[in-house]
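File shown: data-v4.txt (compact mmCIF, C-alpha atoms and all ligand atoms).
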# COMPACT_ATOMS: atom_id res chain seq x y z
CA MET A 1 0.00 0.00 0.00
CA GLN A 2 1.20 3.48 -0.91
CA THR A 3 0.88 5.86 2.08
CA LEU A 4 -0.09 9.37 0.96
CA MET A 5 1.30 12.43 2.72
CA ILE A 6 -1.41 15.13 2.81
CA ASP A 7 -0.59 18.77 3.57
CA GLY A 8 -2.65 19.74 6.61
CA THR A 9 -2.40 23.46 6.02
CA SER A 10 -4.81 23.56 3.08
CA LYS A 11 -8.42 22.40 2.97
CA ASN A 12 -8.72 18.94 1.49
CA MET A 13 -11.57 16.38 1.66
CA LEU A 14 -9.41 13.43 0.62
CA ALA A 15 -8.65 12.20 4.14
CA ALA A 16 -12.34 12.38 5.13
CA HIS A 17 -13.28 10.34 2.06
CA ILE A 18 -10.63 7.72 2.88
CA LEU A 19 -12.11 7.37 6.38
CA GLN A 20 -15.66 7.10 5.02
CA ALA A 21 -14.46 4.30 2.74
CA GLY A 22 -13.06 2.37 5.72
CA GLY A 23 -9.40 3.44 5.39
CA LEU A 24 -6.82 4.50 7.97
CA VAL A 25 -5.55 8.08 8.24
CA ALA A 26 -2.99 9.42 10.71
CA ALA A 27 -3.72 12.98 11.84
CA PRO A 28 -2.24 15.49 14.27
CA THR A 29 -3.87 16.21 17.61
CA GLU A 30 -2.68 18.67 20.25
CA THR A 31 -1.12 15.75 22.18
CA VAL A 32 0.42 13.29 19.69
CA TYR A 33 -0.51 12.04 16.20
CA GLY A 34 -3.46 9.63 16.14
CA LEU A 35 -4.18 6.75 13.75
CA CYS A 36 -7.84 7.29 12.83
CA ALA A 37 -10.57 4.97 11.58
CA ASN A 38 -14.38 5.05 11.49
CA ALA A 39 -15.24 3.94 15.04
CA PHE A 40 -18.36 2.15 13.74
CA SER A 41 -16.48 0.01 11.19
CA LYS A 42 -15.35 -3.29 12.74
CA GLN A 43 -13.00 -3.94 9.83
CA ALA A 44 -11.37 -0.49 9.92
CA VAL A 45 -10.91 -0.78 13.69
CA ALA A 46 -9.40 -4.25 13.28
CA ASN A 47 -7.00 -2.78 10.70
CA ILE A 48 -5.73 -0.25 13.28
CA PHE A 49 -4.66 -3.11 15.56
CA VAL A 50 -2.86 -4.83 12.67
CA ALA A 51 -1.06 -1.67 11.44
CA LYS A 52 0.24 -0.85 14.92
CA GLY A 53 0.89 -4.43 16.05
CA ARG A 54 -1.36 -3.56 19.00
CA PRO A 55 -2.57 -6.24 21.46
CA ASN A 56 -6.33 -6.81 21.01
CA ASP A 57 -7.07 -6.33 24.71
CA ASN A 58 -6.06 -2.66 24.57
CA PRO A 59 -9.13 -0.46 23.88
CA LEU A 60 -9.15 2.66 21.69
CA ILE A 61 -10.19 6.25 22.40
CA ILE A 62 -13.07 7.60 20.27
CA HIS A 63 -12.54 11.20 19.12
CA ILE A 64 -15.56 13.47 18.67
CA ALA A 65 -16.13 17.07 17.59
CA ASP A 66 -19.50 17.84 19.16
CA LEU A 67 -21.55 16.77 22.17
CA ALA A 68 -24.32 15.25 20.03
CA MET A 69 -21.78 12.55 19.06
CA LEU A 70 -21.02 11.96 22.75
CA LYS A 71 -24.70 11.37 23.57
CA ARG A 72 -24.92 8.57 20.98
CA LEU A 73 -21.81 6.78 22.26
CA VAL A 74 -22.47 6.67 26.00
CA ARG A 75 -25.21 5.30 28.24
CA LYS A 76 -25.42 8.42 30.40
CA ILE A 77 -23.58 11.68 30.98
CA PRO A 78 -23.23 12.11 34.76
CA PRO A 79 -23.22 15.69 36.19
CA ILE A 80 -19.50 15.41 36.97
CA ALA A 81 -18.88 14.87 33.24
CA ASP A 82 -20.78 18.07 32.39
CA THR A 83 -18.47 19.99 34.74
CA LEU A 84 -15.30 18.43 33.32
CA ILE A 85 -16.47 18.93 29.74
CA SER A 86 -17.26 22.60 30.29
CA HIS A 87 -13.76 23.17 31.70
CA PHE A 88 -11.52 20.92 29.65
CA TRP A 89 -13.12 20.09 26.27
CA PRO A 90 -11.95 20.50 23.65
CA GLY A 91 -8.55 19.49 25.02
CA PRO A 92 -6.25 16.70 26.24
CA LEU A 93 -8.66 14.97 28.64
CA THR A 94 -10.10 11.53 27.82
CA LEU A 95 -13.14 10.48 29.85
CA ILE A 96 -14.24 6.89 30.43
CA PHE A 97 -18.04 6.43 30.27
CA GLU A 98 -20.37 3.46 30.29
CA ALA A 99 -20.64 2.59 26.58
CA SER A 100 -23.91 2.60 24.64
CA ASP A 101 -24.84 -0.45 22.57
CA ILE A 102 -23.71 1.13 19.28
CA VAL A 103 -20.01 1.17 20.26
CA PRO A 104 -18.42 -1.91 18.63
CA SER A 105 -16.87 -4.32 21.09
CA ALA A 106 -13.52 -4.21 19.23
CA VAL A 107 -13.11 -0.49 20.03
CA ARG A 108 -13.72 -1.19 23.74
CA ALA A 109 -11.69 -4.42 23.75
CA GLY A 110 -14.81 -6.05 25.16
CA LEU A 111 -15.07 -3.70 28.17
CA PRO A 112 -18.47 -2.24 29.16
CA THR A 113 -16.90 1.23 29.09
CA VAL A 114 -15.68 3.54 26.31
CA ALA A 115 -12.99 6.25 26.26
CA ILE A 116 -14.04 9.55 24.62
CA ARG A 117 -11.98 12.62 23.79
CA TYR A 118 -12.82 15.94 22.10
CA PRO A 119 -9.47 17.14 20.71
CA SER A 120 -8.70 20.83 20.32
CA ASN A 121 -6.41 20.53 17.27
CA PRO A 122 -8.27 22.24 14.39
CA ILE A 123 -7.04 19.77 11.73
CA MET A 124 -8.33 16.81 13.75
CA GLN A 125 -11.61 18.60 14.51
CA GLN A 126 -12.10 19.35 10.79
CA LEU A 127 -11.40 15.72 9.90
CA ILE A 128 -14.11 14.52 12.29
CA ILE A 129 -16.56 17.12 10.96
CA ASP A 130 -15.77 16.47 7.27
CA SER A 131 -16.06 12.69 7.64
CA GLY A 132 -19.15 13.01 9.85
CA LEU A 133 -17.76 10.11 11.89
CA PRO A 134 -16.57 9.55 15.43
CA LEU A 135 -12.96 8.43 14.96
CA ALA A 136 -11.29 5.64 16.91
CA ALA A 137 -7.65 6.69 17.23
CA PRO A 138 -4.72 5.36 19.23
CA SER A 139 -1.33 7.08 19.01
CA ALA A 140 0.03 6.62 15.47
CA ASN A 141 3.16 4.63 16.39
CA THR A 142 4.15 1.00 16.21
CA SER A 143 3.05 -0.45 19.57
CA GLY A 144 5.76 -0.07 22.20
CA LYS A 145 7.58 2.86 20.56
CA PRO A 146 7.38 6.46 21.79
CA SER A 147 4.30 8.21 20.35
CA PRO A 148 4.92 10.36 17.25
CA THR A 149 4.79 14.14 17.62
CA ASN A 150 5.35 14.91 13.92
CA ALA A 151 4.31 13.40 10.58
CA ASN A 152 7.79 12.05 9.73
CA ARG A 153 7.78 9.78 12.79
CA VAL A 154 4.36 8.42 11.77
CA PHE A 155 5.76 7.73 8.29
CA GLU A 156 8.76 5.96 9.82
CA ASP A 157 6.50 3.51 11.70
CA LEU A 158 3.48 3.14 9.43
CA ASN A 159 4.56 3.79 5.83
CA GLY A 160 2.97 1.14 3.62
CA LYS A 161 0.56 0.05 6.38
CA ILE A 162 -1.97 2.93 6.31
CA ASP A 163 -3.67 4.98 3.59
CA ALA A 164 -2.59 8.51 4.47
CA ILE A 165 -0.91 10.85 6.91
CA ILE A 166 -2.02 14.46 7.37
CA ASP A 167 1.05 16.59 8.06
CA GLY A 168 0.09 19.21 10.62
CA GLY A 169 3.57 19.98 11.95
CA ASN A 170 4.68 19.40 15.53
CA CYS A 171 2.20 18.62 18.32
CA ASP A 172 1.88 21.34 20.98
CA ILE A 173 1.73 19.18 24.11
CA GLY A 174 3.82 16.19 23.08
CA ILE A 175 2.43 13.71 25.64
CA GLU A 176 -0.85 11.81 25.39
CA SER A 177 -4.11 12.91 27.01
CA THR A 178 -4.99 12.34 30.63
CA VAL A 179 -7.34 9.34 30.96
CA LEU A 180 -9.93 9.83 33.71
CA ASP A 181 -12.43 7.11 34.63
CA ILE A 182 -15.67 8.82 35.69
CA THR A 183 -17.52 5.53 36.25
CA THR A 184 -15.86 5.32 39.70
CA THR A 185 -16.54 7.51 42.75
CA PRO A 186 -14.41 9.52 43.06
CA PRO A 187 -13.14 9.52 39.46
CA THR A 188 -9.79 7.77 38.91
CA ILE A 189 -6.79 8.87 36.85
CA LEU A 190 -5.79 5.88 34.72
CA ARG A 191 -3.07 7.74 32.79
CA PRO A 192 -1.54 11.13 33.72
CA GLY A 193 -1.33 13.57 30.84
CA GLY A 194 -1.85 17.07 29.51
CA ILE A 195 -4.60 17.97 32.00
CA THR A 196 -3.02 17.67 35.42
CA VAL A 197 -4.45 16.20 38.64
CA GLU A 198 -4.32 19.68 40.17
CA MET A 199 -6.37 21.15 37.29
CA ILE A 200 -9.03 18.43 37.61
CA GLU A 201 -9.21 18.65 41.41
CA SER A 202 -9.65 22.42 41.19
CA VAL A 203 -13.00 21.88 39.46
CA ILE A 204 -14.40 18.60 40.88
CA GLY A 205 -12.54 18.13 44.19
CA PRO A 206 -10.42 15.13 45.24
CA ILE A 207 -9.90 12.31 42.74
CA SER A 208 -7.99 9.06 43.06
CA ILE A 209 -5.05 7.79 41.05
CA ASP A 210 -4.85 4.19 39.84
CA ALA A 211 -2.56 2.58 42.43
CA ALA A 212 -0.70 0.70 39.71
CA LEU A 213 0.60 4.04 38.36
CA LEU A 214 2.28 4.93 41.61
CA SER A 215 4.25 1.75 42.10
CA GLN A 216 6.79 -0.17 40.10
CA ASP A 217 5.20 -3.26 41.53
CA SER A 218 4.52 -5.43 38.51
CA THR A 219 1.83 -7.36 40.41
CA ALA A 220 -0.46 -4.29 40.40
CA THR A 221 -2.56 -4.37 37.19
CA PRO A 222 -3.31 -0.93 35.73
CA LYS A 223 -6.99 -0.22 35.00
CA ALA A 224 -6.14 1.25 31.57
CA PRO A 225 -5.10 -1.92 29.72
CA GLY A 226 -2.55 0.05 27.66
CA MET A 227 -0.60 1.07 30.75
CA LYS A 228 0.52 -2.47 31.49
CA TYR A 229 2.62 -2.80 28.36
CA THR A 230 6.27 -1.86 27.96
CA HIS A 231 6.00 1.46 26.27
CA TYR A 232 7.70 4.55 24.98
CA SER A 233 10.91 2.60 24.50
CA PRO A 234 13.55 3.55 21.97
CA ASN A 235 15.94 0.77 20.92
CA ALA A 236 18.55 2.28 23.22
CA LYS A 237 18.50 1.21 26.86
CA VAL A 238 17.31 4.14 28.98
CA CYS A 239 18.46 4.82 32.56
CA ILE A 240 17.23 7.70 34.76
CA PHE A 241 19.47 9.34 37.35
CA GLU A 242 17.99 11.19 40.32
CA GLY A 243 19.62 13.04 43.21
CA PRO A 244 21.66 16.24 43.67
CA LEU A 245 22.31 17.64 40.18
CA ASP A 246 26.11 17.95 40.46
CA LEU A 247 26.40 14.33 41.63
CA VAL A 248 24.03 13.14 38.91
CA ILE A 249 26.13 14.89 36.24
CA ASP A 250 29.31 13.27 37.64
CA ALA A 251 27.68 9.84 37.70
CA ILE A 252 26.45 10.16 34.11
CA ASN A 253 29.87 11.30 32.90
CA THR A 254 31.47 8.29 34.63
CA ARG A 255 29.08 6.01 32.73
CA ILE A 256 29.74 7.74 29.41
CA LYS A 257 33.50 7.24 29.83
CA GLN A 258 33.05 3.57 30.73
CA ASP A 259 30.73 3.06 27.73
CA ALA A 260 33.39 4.55 25.44
CA ILE A 261 35.94 2.06 26.83
CA ASP A 262 33.42 -0.74 26.19
CA GLY A 263 32.88 0.45 22.60
CA LYS A 264 29.31 1.62 23.28
CA ILE A 265 27.77 4.96 22.34
CA SER A 266 25.88 6.83 25.03
CA GLY A 267 23.57 9.85 24.88
CA VAL A 268 22.12 12.22 27.46
CA LEU A 269 18.63 13.70 27.94
CA CYS A 270 18.93 16.91 29.91
CA THR A 271 17.89 20.55 30.26
CA ASP A 272 19.09 23.83 28.75
CA GLU A 273 20.88 24.59 32.01
CA THR A 274 22.93 21.36 31.95
CA VAL A 275 23.44 20.88 28.21
CA SER A 276 27.16 21.69 28.27
CA SER A 277 27.97 19.56 31.34
CA PHE A 278 28.44 16.19 29.66
CA CYS A 279 31.47 14.55 28.04
CA THR A 280 29.69 13.43 24.87
CA SER A 281 28.30 15.27 21.85
CA ASN A 282 25.13 13.13 21.93
CA VAL A 283 23.33 15.47 24.29
CA LYS A 284 19.71 16.53 23.82
CA SER A 285 18.16 19.29 25.86
CA LEU A 286 14.39 19.04 26.33
CA GLY A 287 14.08 22.69 27.38
CA ARG A 288 14.37 24.80 30.50
CA ALA A 289 14.15 22.77 33.73
CA SER A 290 11.40 24.94 35.18
CA HIS A 291 9.31 24.91 31.96
CA LEU A 292 7.81 21.44 32.09
CA ASP A 293 5.63 22.14 29.05
CA GLU A 294 8.86 22.41 26.99
CA ILE A 295 10.18 19.15 28.46
CA ALA A 296 6.90 17.36 27.62
CA MET A 297 6.79 18.74 24.08
CA HIS A 298 10.28 17.46 23.20
CA LEU A 299 10.48 14.19 25.17
CA PHE A 300 9.20 11.63 22.64
CA GLU A 301 11.00 13.18 19.67
CA ALA A 302 14.27 13.18 21.63
CA LEU A 303 13.84 9.52 22.62
CA ARG A 304 13.17 8.57 19.01
CA SER A 305 16.05 10.61 17.63
CA PHE A 306 18.58 8.68 19.74
CA ASP A 307 17.69 5.66 17.62
CA ASP A 308 18.49 7.61 14.43
CA ASP A 309 21.99 8.07 15.81
CA GLY A 310 22.49 4.41 16.81
CA ILE A 311 22.87 5.22 20.51
CA ASP A 312 23.24 2.20 22.84
CA PHE A 313 22.54 3.85 26.21
CA VAL A 314 20.50 6.95 27.06
CA TYR A 315 21.09 8.58 30.44
CA SER A 316 18.39 10.99 31.56
CA LEU A 317 18.06 13.54 34.30
CA SER A 318 14.83 13.18 36.26
CA PHE A 319 12.31 16.02 36.24
CA SER A 320 9.92 17.60 38.71
CA LYS A 321 6.72 15.56 39.22
CA SER A 322 4.53 18.61 39.73
CA GLY A 323 1.84 19.47 37.17
CA ILE A 324 2.54 17.88 33.79
CA GLY A 325 5.78 16.57 35.36
CA GLN A 326 3.77 13.59 36.65
CA ALA A 327 2.99 12.59 33.06
CA ILE A 328 6.58 13.25 31.92
CA MET A 329 8.04 11.03 34.64
CA ASN A 330 5.38 8.34 34.05
CA ARG A 331 6.45 8.09 30.37
CA LEU A 332 10.16 8.38 31.14
CA ASP A 333 10.00 5.73 33.92
CA LYS A 334 8.27 3.38 31.49
CA SER A 335 10.72 4.07 28.68
CA ALA A 336 13.48 3.16 31.14
CA GLY A 337 11.64 0.04 32.35
CA PHE A 338 11.97 1.65 35.82
CA ASN A 339 15.75 1.53 35.55
CA ILE A 340 16.32 4.43 37.98
CA ILE A 341 19.56 5.16 39.82
CA THR A 342 19.32 7.29 42.94
CA ILE A 343 22.54 9.12 43.83
CA THR A 344 22.94 10.26 47.43
CA ASN A 345 25.57 12.33 49.19
CA LYS A 346 26.53 9.38 51.38
CA LYS A 347 29.52 7.45 50.15
O1 LIG A 401 -3.67 11.93 23.50
C1 LIG A 401 -4.16 10.82 23.28
O2 LIG A 401 -4.92 10.26 24.08
C2 LIG A 401 -3.79 10.15 21.96
C3 LIG A 401 -4.36 10.99 20.81
C4 LIG A 401 -4.17 10.34 19.48
O3 LIG A 401 -5.71 11.27 21.07
N1 LIG A 401 -4.31 8.80 21.93
C5 LIG A 401 -3.78 7.80 22.66
O4 LIG A 401 -4.38 6.59 22.46
O5 LIG A 401 -2.86 7.95 23.44
P1 LIG A 401 -3.72 5.19 22.93
O6 LIG A 401 -4.58 4.16 22.32
O7 LIG A 401 -2.30 5.20 22.55
O8 LIG A 401 -3.93 5.18 24.48
C6 LIG A 401 -5.24 5.03 25.03
C7 LIG A 401 -5.16 4.60 26.45
C8 LIG A 401 -4.64 3.19 26.60
O9 LIG A 401 -3.83 3.10 27.77
C9 LIG A 401 -5.94 2.39 26.78
O10 LIG A 401 -5.73 1.17 27.48
C10 LIG A 401 -6.78 3.37 27.57
O11 LIG A 401 -6.49 4.63 27.00
N2 LIG A 401 -8.24 3.10 27.40
C11 LIG A 401 -8.97 3.20 26.27
N3 LIG A 401 -10.25 2.82 26.49
C12 LIG A 401 -10.33 2.48 27.80
C13 LIG A 401 -11.37 1.98 28.64
N4 LIG A 401 -12.61 1.77 28.19
N5 LIG A 401 -11.07 1.72 29.94
C14 LIG A 401 -9.81 1.93 30.43
N6 LIG A 401 -8.78 2.40 29.68
C15 LIG A 401 -9.04 2.65 28.38
MG MG A 402 -0.32 4.84 22.54

Please express the file's structure as structure tokens.
Ligand code: TXA
Ligand code: MG
Amino acid sequence: MQTLMIDGTSKNMLAAHILQAGGLVAAPTETVYGLCANAFSKQAVANIFVAKGRPNDNPLIIHIADLAMLKRLVRKIPPIADTLISHFWPGPLTLIFEASDIVPSAVRAGLPTVAIRYPSNPIMQQLIIDSGLPLAAPSANTSGKPSPTNANRVFEDLNGKIDAIIDGGNCDIGIESTVLDITTTPPTILRPGGITVEMIESVIGPISIDAALLSQDSTATPKAPGMKYTHYSPNAKVCIFEGPLDLVIDAINTRIKQDAIDGKISGVLCTDETVSSFCTSNVKSLGRASHLDEIAMHLFEALRSFDDDGIDFVYSLSFSKSGIGQAIMNRLDKSAGFNIITITNKK
């Protein structure tokens, strides 16, 4: 199959027609690129799983562009959903509802619930409107790899496996949406993301966080099936260093020197403030340490670009867990397989 690259900056009905005909189109959202299909077409939805190599027990998010679509897809809209929707939609918040009977089982991976998101990216909104369809869309990467934040990364993973890619430039947020289950009382965060716990609690009061997200304990099963898989991993082995910054920099430089002796190439993920502190040229700054939105925006692209350079080991600083930092560290911890080294002052 020839994968078409469509320019997202000019109006074009081609992608909408491909979706109406049961095809697969990758499109930008404000978080990451999504791989879209008609949510009502069992075959198109099945094709998403094949193209990504995605396990069948991992349900998809349905993307909508108006609340009339939401009403058809869910059994009821509880008052708490109205409050969340009025504050955060359109935007990077996915809500889990009880599914109505018209949602195909394949989209929900057999669960009684369905994940719904109203994205704010205008290209994605227009695609939903032009096709007249709710669109099932996971991140547009090969399963297990970091999500794509530009069209070239989608092409790298899915060229020849999908019908088209709409090029809408770089994604603004860079990390996937927050997944909030509103079928529980209080609601439960199943995946941290662009809308932070603090932002949600400021409008609906205390919420809980899926216990499996807070521990490295592999016996705890996450409630979002997708969170149990190894994820966000480049080919390079990732290791996170935490502790006093000067000691962390020393420890990383010691590793880099040892890797060079062993004939291995190492790279570093760091901040603007530390970018000139390392004894390798394979250093990528994600942005200013105190601007977590910059760190989030650049994280996945940096992880993927280490693979372009054939890096064996990636050493990363750790980042603040406040605000969107919780989502950043969740993705980074998973990309490292929880390979975290804590440096202390004590010898
Ligand atoms: O920002 C995003 O959410 C991006 C863009 C494309 O919208 N999409 C995305 O989709 O990240 P995906 O499929 O890569 O991740 C969806 C997550 C998975 O962890 C999945 O298990 C969870 O949402 N999920 C979907 N439906 C669910 C349900 N009914 N119950 C619990 N978790 C669900
Ligand atoms: Mg994904």

- prompt: Could you list, as a PyMOL selection string, all the residues within 9 Å of ligand MG 402 (chain A), counting only C-alpha atoms and all ligand atoms?
  reply: chain A and resi 32+34+138-147+176+226+231-232

Expressed in Å to a single decimal, how great is the separation between CA of Asp312 (chain A) and CA of Lys228 (chain A)?
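Calculated distance between CA of Asp312 (chain A) and CA of Lys228 (chain A) is 24.8 Å.
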
Contacts of Ile182 (chain A) at 12 Å or less, counting all atoms listed in the file, minus same-chain residues fewer than 6 places along, as an NGL selection string? :A and (76-85 or 93-98 or 113-116 or 188-190 or 200 or 204 or 207-209)

What separates CA of Asn345 (chain A) and CA of Arg255 (chain A) is a distance of 18.0 Å

Please list, as a list in words, the residues that have an atom at most 10 Å away from (-22.5, 10.0, 23.4) in the coordinates of this file, counting all atoms listed in the file.
Ile64, Asp66, Leu67, Ala68, Met69, Leu70, Lys71, Arg72, Leu73, Val74, Arg75, Lys76, Ile77, Phe97, Glu98, Ala99, Ser100, Ile102, Val103, Val114, Ile116 and Pro134 of chain A

### Nearest-residue call for ligand LIG 401 (chain A), choices A:Met5, A:Cys36, A:Ile61, A:Leu286, using only C-alpha atoms and all ligand atoms
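When distances to ligand LIG 401 (chain A) are compared using only C-alpha atoms and all ligand atoms, the smallest one comes from A:Ile61.
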
Could you tell me which of A:Pro244, A:Pro122, A:Gly160, A:Pro92 comes closest to Ile324 (chain A) if we count only C-alpha atoms?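 When distances to Ile324 (chain A) are compared using only C-alpha atoms, the smallest one comes from A:Pro92.
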
Of A:Met1, A:Ala136, A:Val197, A:Ile295, the one sitting nearest ligand LIG 401 (chain A) when using only C-alpha atoms and all ligand atoms is A:Ala136

Tell me which residues come within 12 Å of (-11.2, -4.8, 36.0), as a compact mmCIF listing (two decimals) with C-alpha atoms, in the coordinates of the input, counting only C-alpha atoms in the file's coordinates.
# COMPACT_ATOMS: atom_id res chain seq x y z
CA GLY A 110 -14.81 -6.05 25.16
CA LEU A 111 -15.07 -3.70 28.17
CA PRO A 112 -18.47 -2.24 29.16
CA THR A 113 -16.90 1.23 29.09
CA THR A 184 -15.86 5.32 39.70
CA ASP A 210 -4.85 4.19 39.84
CA ALA A 220 -0.46 -4.29 40.40
CA THR A 221 -2.56 -4.37 37.19
CA PRO A 222 -3.31 -0.93 35.73
CA LYS A 223 -6.99 -0.22 35.00
CA ALA A 224 -6.14 1.25 31.57
CA PRO A 225 -5.10 -1.92 29.72

Can you report as JSON the centre and edge lengths in Å, to one decimal, of an axis-aligned box around the listed atoms of region 107-119 of chain A padded with 4 Å on each side?
{"center_x": -14.0, "center_y": 5.5, "center_z": 24.6, "size_x": 17.0, "size_y": 31.2, "size_z": 17.1}

| message | So that I can check the surroundings of Thr342 (chain A), please list as a list in words every protein, DNA and RNA residue that reaches within 10 Å of it, counting all atoms listed in the file and ignoring chain neighbours fewer than 4 positions away. | response |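 Once the adjacent positions are removed, what remains is Ile240, Phe241, Glu242, Gly243, Pro244, Val248 and Ser318 of chain A.
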
To one decimal place, how far is CA of Thr271 (chain A) from CA of Asn235 (chain A) in Å?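 Taking CA of Thr271 (chain A) and CA of Asn235 (chain A), their separation equals 22.0 Å.
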
In terms of all atoms listed in the file, the residue from A:Ile129, A:Leu247, A:Leu60, A:Val154 at minimal distance from Ala106 (chain A) is A:Leu60

### Task
Tell me which of A:Gln125, A:Thr178, A:Ser131, A:Gln43 sits closest to ligand LIG 401 (chain A), counting all atoms listed in the file.
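Comparing A:Gln125, A:Thr178, A:Ser131, A:Gln43 against ligand LIG 401 (chain A), the winner is A:Thr178.
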